[in-house]
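With PDB, C-alpha atoms inside, this is start36.pdb:
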MODEL        1
ATOM      1  CA  MET U  86      89.225  81.387 104.441
ATOM      2  CA  PRO U  87      86.675  81.543 101.638
ATOM      3  CA  THR U  88      83.320  83.201 102.298
ATOM      4  CA  LEU U  89      81.704  81.894  99.120
ATOM      5  CA  LYS U  90      81.270  78.201  98.393
ATOM      6  CA  ILE U  91      81.622  75.954  95.377
ATOM      7  CA  GLY U  92      78.258  75.502  93.708
ATOM      8  CA  MET U  93      76.933  78.969  94.622
ATOM      9  CA  THR U  94      75.396  81.089  91.875
ATOM     10  CA  VAL U  95      76.892  84.574  91.703
ATOM     11  CA  LYS U  96      76.483  87.762  89.693
ATOM     12  CA  LEU U  97      79.574  88.809  87.749
ATOM     13  CA  PRO U  98      81.198  92.271  87.837
ATOM     14  CA  LYS U  99      81.613  94.712  84.941
ATOM     15  CA  PRO U 100      82.096  94.175  82.007
ATOM     16  CA  TYR U 101      79.978  91.044  82.561
ATOM     17  CA  PHE U 102      77.128  92.966  84.224
ATOM     18  CA  GLY U 103      73.840  91.059  84.148
ATOM     19  CA  ILE U 104      75.484  87.658  83.776
ATOM     20  CA  ALA U 105      75.285  84.974  86.436
ATOM     21  CA  GLY U 106      77.702  82.103  86.872
ATOM     22  CA  THR U 107      78.473  79.179  89.151
ATOM     23  CA  ILE U 108      81.550  78.934  91.360
ATOM     24  CA  ILE U 109      83.375  75.752  90.373
ATOM     25  CA  ALA U 110      86.692  76.101  92.246
ATOM     26  CA  TYR U 111      88.643  78.157  94.781
ATOM     27  CA  TYR U 112      92.318  79.066  94.256
ATOM     28  CA  ALA U 113      93.598  79.674  97.798
ATOM     29  CA  ALA U 114      97.077  80.906  96.827
ATOM     30  CA  LYS U 115      95.565  83.913  95.035
ATOM     31  CA  ASP U 116      92.253  84.056  96.943
ATOM     32  CA  GLN U 117      90.251  83.801  93.715
ATOM     33  CA  TYR U 118      87.175  81.880  92.640
ATOM     34  CA  LEU U 119      86.831  80.180  89.283
ATOM     35  CA  VAL U 120      83.374  80.976  87.929
ATOM     36  CA  ARG U 121      81.804  79.221  84.952
ATOM     37  CA  PHE U 122      79.243  81.051  82.856
ATOM     38  CA  GLY U 123      77.851  80.144  79.492
ATOM     39  CA  VAL U 124      78.653  76.784  77.972
ATOM     40  CA  SER U 125      82.433  76.878  78.042
ATOM     41  CA  GLN U 126      83.504  80.209  79.533
ATOM     42  CA  GLN U 127      85.168  80.492  82.917
ATOM     43  CA  LEU U 128      87.232  83.176  84.632
ATOM     44  CA  TYR U 129      88.828  83.866  88.009
ATOM     45  CA  PHE U 130      87.405  86.618  90.230
ATOM     46  CA  LYS U 131      88.307  88.050  93.636
ATOM     47  CA  PRO U 132      85.677  87.510  96.369
ATOM     48  CA  ASP U 133      84.843  91.226  96.580
ATOM     49  CA  GLU U 134      83.953  91.278  92.863
ATOM     50  CA  LEU U 135      81.194  88.686  93.189
ATOM     51  CA  ILE U 136      77.661  89.073  94.522
ATOM     52  CA  VAL U 137      75.658  86.052  95.662
ATOM     53  CA  TRP U 138      72.616  85.523  93.437
ATOM     54  CA  LYS U 139      69.389  85.739  95.409
ATOM     55  CA  SER U 140      66.271  84.636  93.589
TER      56      SER U 140
ENDMDL
END

Mind converting the file's structure to structure tokens?
Amino acid sequence: MPTLKIGMTVKLPKPYFGIAGTIIAYYAAKDQYLVRFGVSQQLYFKPDELIVWKS
């Protein structure tokens, strides 16, 4: 069961340190989140790689 939710802003892991993105989808079969950052970049990350952005 996912702990993060679609629409949450998260900090990305290395080598993307210092970049924030938005979770746009969850891939249950692989337990990965699709995170969009920048205008057209998006990648899958495991839940333990992401940190919830707190402003």

Expected selection from the PyMOL selection byres ((chain U and resi 134) around 9), given as a list of chain:residue names: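 Expected selection for the PyMOL selection byres ((chain U and resi 134) around 9) here is U:Lys96, U:Leu97, U:Pro98, U:Lys99, U:Phe130, U:Lys131, U:Pro132, U:Asp133, U:Leu135, U:Ile136.
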
Selection result for the PyMOL selection byres ((chain U and resi 110-123) around 9) on this file, as a PyMOL selection string: chain U and resi 86-87+89-92+94-95+97+104-109+124-132

Taking all atoms of stretch 113-129 of chain U that the file lists and extending 5 Å past them on each side, where is the centre of the axis-aligned box and how long are its edges? Answer in Å to one decimal, as lines of an AutoDock Vina configuration file.
center_x = 87.5
center_y = 80.4
center_z = 87.9
size_x = 29.2
size_y = 17.3
size_z = 29.8
